[in-house]
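Have a look at input_30.txt below; it lists compact mmCIF, C-alpha atoms.
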# COMPACT_ATOMS: atom_id res chain seq x y z
CA MET A 1 -1.29 -16.00 -2.84
CA LYS A 2 -3.67 -14.22 -0.54
CA GLN A 3 -6.30 -11.75 -1.73
CA ILE A 4 -7.93 -9.26 0.62
CA ASN A 5 -10.73 -6.87 -0.24
CA LEU A 6 -9.88 -3.63 1.52
CA ALA A 7 -13.44 -2.40 1.17
CA ALA A 8 -14.42 -5.28 3.46
CA ALA A 9 -11.85 -4.03 6.01
CA ALA A 10 -13.55 -0.62 6.16
CA LYS A 11 -14.92 -1.02 9.67
CA PHE A 12 -15.15 1.84 12.12
CA THR A 13 -15.63 1.90 15.86
CA GLN A 14 -16.94 4.82 17.87
CA ASP A 15 -14.67 4.60 20.90
CA LYS A 16 -11.28 4.39 19.17
CA PRO A 17 -9.64 3.88 15.78
CA HIS A 18 -10.37 0.47 14.26
CA ARG A 19 -7.20 -1.59 13.72
CA GLN A 20 -7.04 -4.82 11.75
CA LEU A 21 -3.95 -6.92 11.06
CA LEU A 22 -4.38 -8.05 7.46
CA TYR A 23 -1.15 -9.99 7.01
CA GLU A 24 1.97 -10.83 8.94
CA SER A 25 5.16 -12.64 8.07
CA ARG A 26 8.79 -12.34 9.05
CA ASN A 27 9.40 -9.74 6.33
CA LEU A 28 6.16 -7.84 5.98
CA GLN A 29 3.19 -6.77 8.06
CA VAL A 30 0.07 -5.13 6.64
CA VAL A 31 -2.32 -3.32 8.96
CA SER A 32 -5.53 -1.41 8.24
CA PHE A 33 -6.59 1.59 10.37
CA ASN A 34 -9.95 3.33 10.09
CA LEU A 35 -10.67 6.51 12.04
CA GLU A 36 -13.86 8.42 12.48
CA ALA A 37 -13.55 12.20 12.13
CA GLY A 38 -11.84 13.52 15.27
CA GLN A 39 -10.25 10.21 16.23
CA GLU A 40 -6.48 10.07 16.63
CA LEU A 41 -3.67 7.55 16.60
CA PRO A 42 -1.33 9.10 19.17
CA VAL A 43 2.32 9.58 18.28
CA HIS A 44 4.20 6.31 18.67
CA CYS A 45 7.07 4.53 16.98
CA ILE A 46 7.60 1.04 15.68
CA ASP A 47 10.70 -1.00 15.08
CA GLY A 48 10.60 -1.16 11.30
CA GLU A 49 10.28 0.97 8.20
CA VAL A 50 6.68 1.88 7.43
CA ALA A 51 4.89 2.90 4.25
CA ILE A 52 1.45 4.38 4.98
CA LEU A 53 -1.08 4.90 2.22
CA ILE A 54 -4.15 7.06 2.80
CA LEU A 55 -7.10 5.31 1.12
CA GLN A 56 -9.86 7.75 2.00
CA GLY A 57 -10.41 11.03 3.78
CA GLU A 58 -8.28 13.83 5.14
CA GLY A 59 -6.19 14.24 8.24
CA GLU A 60 -3.14 15.65 9.90
CA PHE A 61 -0.03 13.52 10.13
CA LEU A 62 1.70 13.92 13.49
CA GLY A 63 5.30 13.47 14.55
CA ALA A 64 8.55 15.30 13.90
CA GLN A 65 6.60 17.17 11.23
CA GLU A 66 2.89 17.90 11.13
CA THR A 67 1.59 17.69 7.63
CA PRO A 68 -1.80 17.40 5.98
CA VAL A 69 -2.57 14.08 4.28
CA LYS A 70 -5.44 12.95 2.08
CA GLU A 71 -6.49 10.13 -0.22
CA GLY A 72 -3.47 9.14 -2.31
CA SER A 73 -0.85 10.39 0.15
CA LEU A 74 1.94 7.89 0.70
CA ILE A 75 4.13 8.45 3.76
CA ILE A 76 7.41 6.61 4.23
CA LEU A 77 9.00 6.53 7.66
CA PRO A 78 12.32 5.13 8.79
CA ALA A 79 12.34 2.66 11.68
CA CYS A 80 11.51 4.17 15.06
CA ALA A 81 10.35 7.51 13.63
CA PRO A 82 7.66 8.94 15.92
CA HIS A 83 4.37 9.30 14.04
CA GLY A 84 0.63 9.48 14.51
CA VAL A 85 -2.41 10.78 12.70
CA LYS A 86 -5.52 12.78 13.48
CA ALA A 87 -8.59 12.35 11.29
CA GLN A 88 -10.40 15.44 10.06
CA THR A 89 -12.92 13.36 8.13
CA ARG A 90 -13.49 9.61 8.11
CA LEU A 91 -10.00 8.37 7.36
CA ARG A 92 -8.89 4.98 6.08
CA LEU A 93 -5.25 4.03 5.75
CA VAL A 94 -3.16 0.94 5.31
CA ALA A 95 0.35 0.52 6.74
CA PHE A 96 3.02 -1.75 5.27
CA VAL A 97 5.72 -2.49 7.83
CA ALA A 98 9.10 -3.96 6.94
CA PRO A 99 10.85 -5.22 10.05
CA PRO A 100 14.55 -4.48 10.22
CA ALA A 101 16.86 -7.08 8.71
CA GLU A 102 18.30 -9.28 11.42
CA MET B 1 9.91 11.18 6.53
CA LYS B 2 9.08 11.19 2.86
CA GLN B 3 5.67 12.10 1.47
CA ILE B 4 4.62 11.13 -2.04
CA ASN B 5 1.39 12.09 -3.75
CA LEU B 6 0.27 9.00 -5.63
CA ALA B 7 -2.05 11.06 -7.82
CA ALA B 8 1.10 12.72 -9.18
CA ALA B 9 2.47 9.27 -10.03
CA ALA B 10 -0.56 8.50 -12.21
CA LYS B 11 1.30 8.65 -15.51
CA PHE B 12 0.49 6.36 -18.41
CA THR B 13 2.43 5.48 -21.53
CA GLN B 14 0.96 4.12 -24.73
CA ASP B 15 3.62 1.57 -25.65
CA LYS B 16 3.91 -0.28 -22.33
CA PRO B 17 2.92 -0.11 -18.66
CA HIS B 18 4.34 2.89 -16.83
CA ARG B 19 6.63 1.90 -13.95
CA GLN B 20 7.98 4.28 -11.33
CA LEU B 21 10.19 3.42 -8.38
CA LEU B 22 8.82 5.56 -5.55
CA TYR B 23 11.09 4.42 -2.74
CA GLU B 24 13.88 1.96 -2.14
CA SER B 25 15.81 0.91 0.93
CA ARG B 26 17.36 -2.30 2.17
CA ASN B 27 14.06 -3.38 3.75
CA LEU B 28 11.37 -1.97 1.54
CA GLN B 29 10.75 -1.03 -2.08
CA VAL B 30 7.66 0.80 -3.31
CA VAL B 31 6.83 0.78 -7.02
CA SER B 32 3.92 2.31 -8.91
CA PHE B 33 2.54 0.68 -12.09
CA ASN B 34 -0.05 2.26 -14.37
CA LEU B 35 -1.54 0.32 -17.27
CA GLU B 36 -3.80 1.46 -20.04
CA ALA B 37 -6.73 -0.86 -20.82
CA GLY B 38 -5.34 -3.91 -22.62
CA GLN B 39 -1.78 -3.48 -21.39
CA GLU B 40 -0.19 -6.35 -19.48
CA LEU B 41 2.63 -6.97 -17.04
CA PRO B 42 3.74 -10.45 -18.13
CA VAL B 43 4.09 -13.17 -15.53
CA HIS B 44 7.39 -12.80 -13.68
CA CYS B 45 8.70 -13.38 -10.19
CA ILE B 46 10.76 -11.32 -7.81
CA ASP B 47 12.99 -12.26 -4.92
CA GLY B 48 10.91 -10.89 -2.08
CA GLU B 49 7.43 -10.87 -0.60
CA VAL B 50 5.10 -8.48 -2.38
CA ALA B 51 1.90 -6.71 -1.34
CA ILE B 52 0.07 -5.23 -4.33
CA LEU B 53 -2.75 -2.76 -3.87
CA ILE B 54 -5.06 -1.91 -6.76
CA LEU B 55 -5.70 1.85 -6.62
CA GLN B 56 -7.96 2.23 -9.64
CA GLY B 57 -9.58 0.16 -12.35
CA GLU B 58 -10.18 -3.49 -13.05
CA GLY B 59 -8.01 -6.28 -14.33
CA GLU B 60 -7.08 -9.92 -14.29
CA PHE B 61 -4.32 -11.07 -12.01
CA LEU B 62 -2.12 -13.70 -13.67
CA GLY B 63 0.05 -16.44 -12.26
CA ALA B 64 -0.61 -19.73 -10.51
CA GLN B 65 -4.18 -18.51 -10.19
CA GLU B 66 -6.03 -16.13 -12.48
CA THR B 67 -8.33 -13.92 -10.53
CA PRO B 68 -10.20 -10.68 -11.13
CA VAL B 69 -8.94 -7.64 -9.23
CA LYS B 70 -10.31 -4.13 -8.84
CA GLU B 71 -9.87 -0.97 -6.80
CA GLY B 72 -9.33 -1.98 -3.19
CA SER B 73 -7.98 -5.46 -3.94
CA LEU B 74 -4.84 -6.27 -1.96
CA ILE B 75 -2.78 -9.21 -3.18
CA ILE B 76 -0.02 -10.74 -1.07
CA LEU B 77 2.53 -12.98 -2.73
CA PRO B 78 5.33 -15.00 -1.21
CA ALA B 79 8.86 -14.53 -2.59
CA CYS B 80 9.37 -15.86 -6.10
CA ALA B 81 5.67 -16.48 -6.75
CA PRO B 82 5.01 -16.02 -10.48
CA HIS B 83 2.56 -13.19 -11.06
CA GLY B 84 1.44 -10.64 -13.62
CA VAL B 85 -1.60 -8.54 -14.41
CA LYS B 86 -3.68 -7.64 -17.43
CA ALA B 87 -5.65 -4.38 -17.39
CA GLN B 88 -9.27 -4.44 -18.50
CA THR B 89 -9.66 -0.72 -17.82
CA ARG B 90 -7.05 1.89 -16.93
CA LEU B 91 -5.39 0.24 -13.96
CA ARG B 92 -3.22 1.79 -11.26
CA LEU B 93 -1.47 -0.27 -8.63
CA VAL B 94 1.28 0.11 -6.11
CA ALA B 95 3.58 -2.71 -5.04
CA PHE B 96 5.35 -2.92 -1.68
CA VAL B 97 8.27 -5.34 -1.82
CA ALA B 98 10.01 -6.73 1.24
CA PRO B 99 13.32 -8.31 0.26
CA PRO B 100 14.13 -11.55 2.02
CA ALA B 101 15.96 -11.26 5.33
CA GLU B 102 19.66 -11.89 4.79

Turn this file's structure into structure tokens for me.
Amino acid sequence: MKQINLAAAAKFTQDKPHRQLLYESRNLQVVSFNLEAGQELPVHCIDGEVAILILQGEGEFLGAQETPVKEGSLIILPACAPHGVKAQTRLRLVAFVAPPAE
Amino acid sequence: MKQINLAAAAKFTQDKPHRQLLYESRNLQVVSFNLEAGQELPVHCIDGEVAILILQGEGEFLGAQETPVKEGSLIILPACAPHGVKAQTRLRLVAFVAPPAE
């Protein structure tokens, strides 16, 4: 069992979004992203299903659809779905990635 | 893309913890649990890695180790690790389950 305090992962950097890999195994990857207001994760895609939970703040989710997100929003994306996010306020999110079954 | 508002999943029931399956695919399952103070999810194990994020409240995590958890705690468990939780206050959590690769 591994316990992580997400409050302790709430680091921000001024030049770009702060990314921190919290956990990685063959079946599951957990990554924290913290964005200052105005920062953006450009649209990209990854090879696995992703569940993204907004922990704090407000932003615009980018990709096939643009949609507002805020604390408590949970986004689920199929593998290889283009997505990104732009922060309107300080924005903290955590992504849970399930690699495709082999 | 699927968007879920976790605040809307914040339902509680008086007789037992409230469980809601939010998403399920071959690679990823997302489940919300809400417990009133004093309610308990008894120790159990599931066939998959689990990441559990405490959204609100305080409680005691049960299993091989007993450990206090609170809002912002992220617990990662290997497949089949016995675990449970007892709520000391109203407790909301969301579990991300990655089934084992076949």

Practice item. Restrict the distance test to only C-alpha atoms, flag each residue of chain B within 7 Å of chain A, and return the flagged residues as a PyMOL selection string. Key: chain B and resi 1-7+27-28+72-78+98+100-102

Contacts of Arg19 in chain B at 10 Å (only C-alpha atoms; same-chain gap of 4+ positions) as a tab-separated table (two decimals) with C-alpha atoms, in the coordinates of the input:
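Everything below was put into selection07.tsv:
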chain	number	residue	atom	x	y	z
B	9	ALA	CA	2.47	9.27	-10.03
B	10	ALA	CA	-0.56	8.50	-12.21
B	11	LYS	CA	1.30	8.65	-15.51
B	12	PHE	CA	0.49	6.36	-18.41
B	13	THR	CA	2.43	5.48	-21.53
B	31	VAL	CA	6.83	0.78	-7.02
B	32	SER	CA	3.92	2.31	-8.91
B	33	PHE	CA	2.54	0.68	-12.09
B	34	ASN	CA	-0.05	2.26	-14.37
B	35	LEU	CA	-1.54	0.32	-17.27
B	93	LEU	CA	-1.47	-0.27	-8.63
B	94	VAL	CA	1.28	0.11	-6.11

Point to revise | Atomic distance CA of Gly57 in chain A - CA of Glu58 in chain B, expressed in Å with one decimal | key: 22.2 Å

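The gap separating CA of Asp47 in chain A from CA of Leu21 in chain B is 23.9 Å, in Å to one decimal.
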
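For the pair CA of Lys86 in chain A and CA of Gly59 in chain A, the interatomic distance is 5.5 Å.
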
Practice item. Can you work out which one of A:Gln56, A:Val85, A:Ala79, A:Gln20 has the shortest atom-to-atom distance to Pro42 in chain A, counting all atoms listed in the file? Key: A:Val85

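Among B:Ala37, B:Gln14, B:Cys45, B:Glu60, the residue with the shortest atom-to-atom distance to Cys80 in chain B, counting only C-alpha atoms, is B:Cys45.
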